[in-house]
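Enquirer: Sending over a structure as structure tokens; questions will come in a sec.
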Amino acid sequence: MDENLKRSILLENYQNPKNKGLIEDDSYIKINMNNESCIDEINLMVKFDGDIIEDIRFDGEACAICTSSTSVMIETLIGKNISEVEKIYQNFYNMIEEKDFDEEILEAAIAYCDIAKQPNRKKCALLPWWGIEKIIKMKGKENE
């Protein structure tokens, strides 16, 4: 991906994040995520329709990488089923950890491919994705 396009994706999603702002709705699964090594703290809300992510909302205080990663994640995951989300999450994680990954399924999240070169920023990019992983586990327990 072109460096200018990467920067554009990060900047646009930091300045104008998707679905920012929490709502009062008990049908969402909610989680708070924070990065103990910096200011990043986000609240995620996810609404499912069966095993499809219908909506994701977030709020909090976070750096540009975390905020933009959350926004891109939201845009990438809405409308996907849980198995698709798990596959996308695993590929994003592998990319950040410099392991083999399928860039085709990452959509705009491929813009974070250089984060691996900045180890102190990995947690910033991964924080919302860890939150989604936890929410999916919570959803699984609800269905037991």
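Identifiers for the structure tokens are assigned positionally: chains receive A, B, ... in sequence, residues are indexed from 1 per chain, and ligands are indexed from 1 in the order shown.
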Quick one: residues within 12 Å of Glu104 of chain A, only C-alpha atoms counted, chain neighbours fewer than 3 positions away excluded, as a compact mmCIF listing (two decimals) with all heavy atoms, in the first residue's frame?
Expert:
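That gives us part_10.txt:
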# COMPACT_ATOMS: atom_id res chain seq x y z
N MET A 1 0.85 -1.18 0.00
CA MET A 1 0.00 0.00 0.00
C MET A 1 0.89 1.24 0.00
O MET A 1 1.89 1.29 0.71
CB MET A 1 -0.91 -0.01 1.23
CG MET A 1 -1.79 1.22 1.36
SD MET A 1 -2.88 1.21 2.80
CE MET A 1 -4.26 0.32 2.15
N THR A 76 -14.31 -2.15 9.22
CA THR A 76 -13.97 -3.45 8.66
C THR A 76 -14.89 -4.56 9.16
O THR A 76 -15.25 -5.46 8.40
CB THR A 76 -12.51 -3.81 8.99
OG1 THR A 76 -11.65 -2.78 8.50
CG2 THR A 76 -12.09 -5.13 8.37
N LYS A 87 -11.13 -14.50 11.88
CA LYS A 87 -10.10 -14.63 10.85
C LYS A 87 -9.43 -13.28 10.58
O LYS A 87 -8.21 -13.20 10.46
CB LYS A 87 -10.73 -15.17 9.56
CG LYS A 87 -9.72 -15.45 8.47
CD LYS A 87 -10.41 -15.87 7.19
CE LYS A 87 -10.30 -17.36 7.02
NZ LYS A 87 -10.82 -17.81 5.72
N ILE A 88 -10.22 -12.21 10.50
CA ILE A 88 -9.66 -10.87 10.28
C ILE A 88 -8.79 -10.47 11.47
O ILE A 88 -7.67 -9.98 11.29
CB ILE A 88 -10.79 -9.84 10.03
CG1 ILE A 88 -11.49 -10.14 8.71
CG2 ILE A 88 -10.23 -8.41 10.04
CD1 ILE A 88 -12.81 -9.39 8.53
N ASN A 91 -5.45 -12.30 11.43
CA ASN A 91 -4.57 -11.77 10.39
C ASN A 91 -4.02 -10.41 10.77
O ASN A 91 -2.86 -10.10 10.50
CB ASN A 91 -5.29 -11.73 9.04
CG ASN A 91 -5.23 -13.06 8.34
OD1 ASN A 91 -4.29 -13.36 7.62
ND2 ASN A 91 -6.23 -13.90 8.56
N PHE A 92 -4.84 -9.56 11.41
CA PHE A 92 -4.35 -8.26 11.88
C PHE A 92 -3.27 -8.47 12.93
O PHE A 92 -2.20 -7.85 12.87
CB PHE A 92 -5.51 -7.43 12.45
CG PHE A 92 -5.11 -6.03 12.82
CD1 PHE A 92 -5.04 -5.04 11.86
CD2 PHE A 92 -4.81 -5.70 14.13
CE1 PHE A 92 -4.65 -3.74 12.18
CE2 PHE A 92 -4.43 -4.41 14.47
CZ PHE A 92 -4.35 -3.42 13.49
N MET A 95 -0.11 -9.66 11.37
CA MET A 95 0.58 -8.56 10.68
C MET A 95 1.37 -7.72 11.68
O MET A 95 2.54 -7.41 11.45
CB MET A 95 -0.45 -7.69 9.95
CG MET A 95 0.16 -6.47 9.27
SD MET A 95 -1.08 -5.42 8.48
CE MET A 95 -1.93 -4.73 9.91
N PHE A 101 0.40 -13.36 7.09
CA PHE A 101 -0.99 -12.91 7.13
C PHE A 101 -1.50 -12.71 5.71
O PHE A 101 -0.72 -12.59 4.76
CB PHE A 101 -1.12 -11.61 7.93
CG PHE A 101 -0.45 -10.41 7.30
CD1 PHE A 101 -1.18 -9.53 6.52
CD2 PHE A 101 0.90 -10.17 7.48
CE1 PHE A 101 -0.56 -8.44 5.92
CE2 PHE A 101 1.53 -9.08 6.91
CZ PHE A 101 0.79 -8.21 6.11
N GLU A 107 -8.66 -5.43 4.46
CA GLU A 107 -9.25 -4.21 3.93
C GLU A 107 -8.37 -3.01 4.32
O GLU A 107 -7.15 -3.07 4.19
CB GLU A 107 -10.71 -4.08 4.37
CG GLU A 107 -11.57 -5.25 3.89
CD GLU A 107 -12.98 -5.23 4.41
OE1 GLU A 107 -13.49 -4.18 4.82
OE2 GLU A 107 -13.62 -6.31 4.37
N ALA A 108 -8.95 -1.93 4.83
CA ALA A 108 -8.18 -0.73 5.17
C ALA A 108 -7.23 -0.94 6.34
O ALA A 108 -6.27 -0.18 6.52
CB ALA A 108 -9.12 0.44 5.47
N ALA A 109 -7.44 -1.99 7.14
CA ALA A 109 -6.58 -2.26 8.30
C ALA A 109 -5.14 -2.59 7.87
O ALA A 109 -4.23 -2.53 8.69
CB ALA A 109 -7.16 -3.39 9.14
N ILE A 110 -4.93 -2.87 6.60
CA ILE A 110 -3.58 -3.11 6.09
C ILE A 110 -2.71 -1.85 6.26
O ILE A 110 -1.49 -1.93 6.26
CB ILE A 110 -3.61 -3.59 4.60
CG1 ILE A 110 -2.26 -4.14 4.17
CG2 ILE A 110 -4.06 -2.48 3.69
CD1 ILE A 110 -1.87 -5.42 4.81
N ALA A 111 -3.34 -0.71 6.44
CA ALA A 111 -2.61 0.55 6.62
C ALA A 111 -1.70 0.52 7.86
O ALA A 111 -0.78 1.33 7.98
CB ALA A 111 -3.58 1.72 6.73
Enquirer: Which residues are close to segment 96-100 of chain A, i.e. within 10 Å by only C-alpha atoms, leaving aside same-chain residues fewer than 2 positions away? Reply as a list in words.
Expert: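 Once the adjacent positions are removed, what remains is Gln90, Asn91, Phe92, Tyr93, Asn94, Asp102, Glu103, Ile110, Tyr112, Cys113, Asp114, Ile115, Ala116, Lys117, Gln118, Pro119, Arg121, Lys122, Lys123, Ala125 and Leu126 of chain A.
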Enquirer: Among segment 10-118 of chain A, which residues carry a DSSP assignment of strand (DSSP E), reported as a compact mmCIF listing (two decimals) with N, CA, C and O atoms, in the first residue's frame?
Expert:
# COMPACT_ATOMS: atom_id res chain seq x y z
N ILE A 29 -23.16 -5.52 23.86
CA ILE A 29 -22.18 -6.05 24.81
C ILE A 29 -21.11 -4.97 24.95
O ILE A 29 -20.60 -4.45 23.95
N LYS A 30 -20.78 -4.63 26.19
CA LYS A 30 -19.87 -3.51 26.44
C LYS A 30 -18.59 -3.99 27.14
O LYS A 30 -18.62 -4.93 27.92
N ILE A 31 -17.49 -3.30 26.83
CA ILE A 31 -16.22 -3.61 27.47
C ILE A 31 -15.37 -2.35 27.53
O ILE A 31 -15.46 -1.50 26.65
N ASN A 32 -14.57 -2.26 28.58
CA ASN A 32 -13.60 -1.17 28.72
C ASN A 32 -12.22 -1.76 28.51
O ASN A 32 -11.88 -2.78 29.08
N MET A 33 -11.43 -1.10 27.68
CA MET A 33 -10.06 -1.56 27.40
C MET A 33 -9.12 -0.39 27.70
O MET A 33 -9.40 0.75 27.33
N ASN A 34 -8.00 -0.71 28.38
CA ASN A 34 -7.01 0.34 28.59
C ASN A 34 -5.61 -0.22 28.42
O ASN A 34 -5.36 -1.40 28.59
N GLU A 41 -7.49 4.53 26.54
CA GLU A 41 -8.60 3.87 27.24
C GLU A 41 -9.84 4.05 26.39
O GLU A 41 -10.25 5.18 26.10
N ILE A 42 -10.40 2.94 25.95
CA ILE A 42 -11.59 3.00 25.11
C ILE A 42 -12.68 2.10 25.66
O ILE A 42 -12.41 1.08 26.30
N ASN A 43 -13.89 2.51 25.42
CA ASN A 43 -15.07 1.70 25.72
C ASN A 43 -15.65 1.27 24.39
O ASN A 43 -15.86 2.10 23.50
N LEU A 44 -15.88 -0.03 24.25
CA LEU A 44 -16.48 -0.58 23.04
C LEU A 44 -17.87 -1.11 23.36
O LEU A 44 -18.09 -1.67 24.44
N MET A 45 -18.77 -0.95 22.41
CA MET A 45 -20.12 -1.51 22.48
C MET A 45 -20.36 -2.24 21.16
O MET A 45 -20.17 -1.65 20.09
N VAL A 46 -20.78 -3.50 21.25
CA VAL A 46 -21.03 -4.27 20.03
C VAL A 46 -22.43 -4.86 20.09
O VAL A 46 -22.82 -5.46 21.09
N LYS A 47 -23.15 -4.68 18.99
CA LYS A 47 -24.49 -5.26 18.88
C LYS A 47 -24.46 -6.35 17.81
O LYS A 47 -23.94 -6.14 16.72
N PHE A 48 -24.97 -7.50 18.18
CA PHE A 48 -25.01 -8.64 17.28
C PHE A 48 -26.44 -8.90 16.81
O PHE A 48 -27.40 -8.66 17.55
N ASP A 49 -26.56 -9.40 15.61
CA ASP A 49 -27.81 -9.96 15.11
C ASP A 49 -27.46 -11.42 14.80
O ASP A 49 -26.86 -11.71 13.77
N ILE A 52 -23.81 -12.14 13.50
CA ILE A 52 -23.35 -11.03 12.65
C ILE A 52 -23.20 -9.77 13.50
O ILE A 52 -24.08 -9.44 14.31
N ILE A 53 -22.08 -9.07 13.32
CA ILE A 53 -21.92 -7.78 14.01
C ILE A 53 -22.77 -6.75 13.28
O ILE A 53 -22.53 -6.43 12.11
N GLU A 54 -23.77 -6.26 13.98
CA GLU A 54 -24.69 -5.28 13.41
C GLU A 54 -24.18 -3.86 13.60
O GLU A 54 -24.35 -3.00 12.74
N ASP A 55 -23.54 -3.61 14.75
CA ASP A 55 -23.06 -2.25 15.04
C ASP A 55 -21.94 -2.32 16.07
O ASP A 55 -21.91 -3.22 16.90
N ILE A 56 -21.03 -1.37 15.97
CA ILE A 56 -19.97 -1.18 16.97
C ILE A 56 -19.88 0.30 17.23
O ILE A 56 -19.86 1.11 16.29
N ARG A 57 -19.81 0.66 18.49
CA ARG A 57 -19.64 2.06 18.90
C ARG A 57 -18.46 2.11 19.86
O ARG A 57 -18.13 1.12 20.49
N PHE A 58 -17.85 3.29 19.98
CA PHE A 58 -16.75 3.43 20.93
C PHE A 58 -16.66 4.85 21.42
O PHE A 58 -17.19 5.79 20.83
N ASP A 59 -15.96 5.00 22.52
CA ASP A 59 -15.61 6.31 23.05
C ASP A 59 -14.41 6.13 23.95
O ASP A 59 -14.05 5.01 24.29
N GLY A 60 -13.80 7.23 24.32
CA GLY A 60 -12.66 7.16 25.21
C GLY A 60 -11.60 8.16 24.82
O GLY A 60 -11.78 8.99 23.93
N GLU A 61 -10.48 8.05 25.51
CA GLU A 61 -9.33 8.91 25.24
C GLU A 61 -8.20 8.02 24.78
O GLU A 61 -7.82 7.07 25.47
Enquirer: When distances are computed from only C-alpha atoms, which of A:Leu10, A:Ala64, A:Ile136, A:Leu77 shows the smallest separation from Leu106 of chain A?
Expert: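 Of the candidates, the smallest distance to Leu106 of chain A is held by A:Leu77.
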Enquirer: Would you mind listing what lies within 9 Å of Asn16 of chain A as a ChimeraX atom specification, with only C-alpha atoms counted and same-chain residues fewer than 4 positions away left out?
Expert: /A:11-12,20,68,71
Enquirer: Any chance you can output those residues with C-alpha atoms as an mmCIF file, in the first residue's frame?
Expert:
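Printed below is out12.cif as written:
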data_model
loop_
_atom_site.group_PDB
_atom_site.id
_atom_site.type_symbol
_atom_site.label_atom_id
_atom_site.label_comp_id
_atom_site.auth_asym_id
_atom_site.auth_seq_id
_atom_site.Cartn_x
_atom_site.Cartn_y
_atom_site.Cartn_z
ATOM 1 C CA LEU A 11 -5.269 10.663 9.722
ATOM 2 C CA GLU A 12 -8.844 10.536 8.414
ATOM 3 C CA LYS A 20 -17.646 7.503 18.050
ATOM 4 C CA SER A 68 -7.717 5.388 14.070
ATOM 5 C CA SER A 71 -12.315 3.396 13.638
#
Enquirer: Expressed in Å to a single decimal, how great is the separation between atom CA of Glu86 of chain A and atom CA of Ile39 of chain A?
Expert: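 Calculated distance between atom CA of Glu86 of chain A and atom CA of Ile39 of chain A is 26.7 Å.
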Enquirer: Would you mind telling me which residue in A:Leu22, A:Ile105, A:Ile82, A:Ile9 lies nearest to Ser69 of chain A when using only C-alpha atoms?
Expert: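 Going through A:Leu22, A:Ile105, A:Ile82, A:Ile9 one by one, the smallest distance to Ser69 of chain A is for A:Ile9.
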Enquirer: Quick one: pick out all helix (DSSP H, G or I) residues within segment 33-130 of chain A from a backbone DSSP run and write them as a PyMOL selection string.
Expert: chain A and resi 64-77+82-96+103-117+119-130
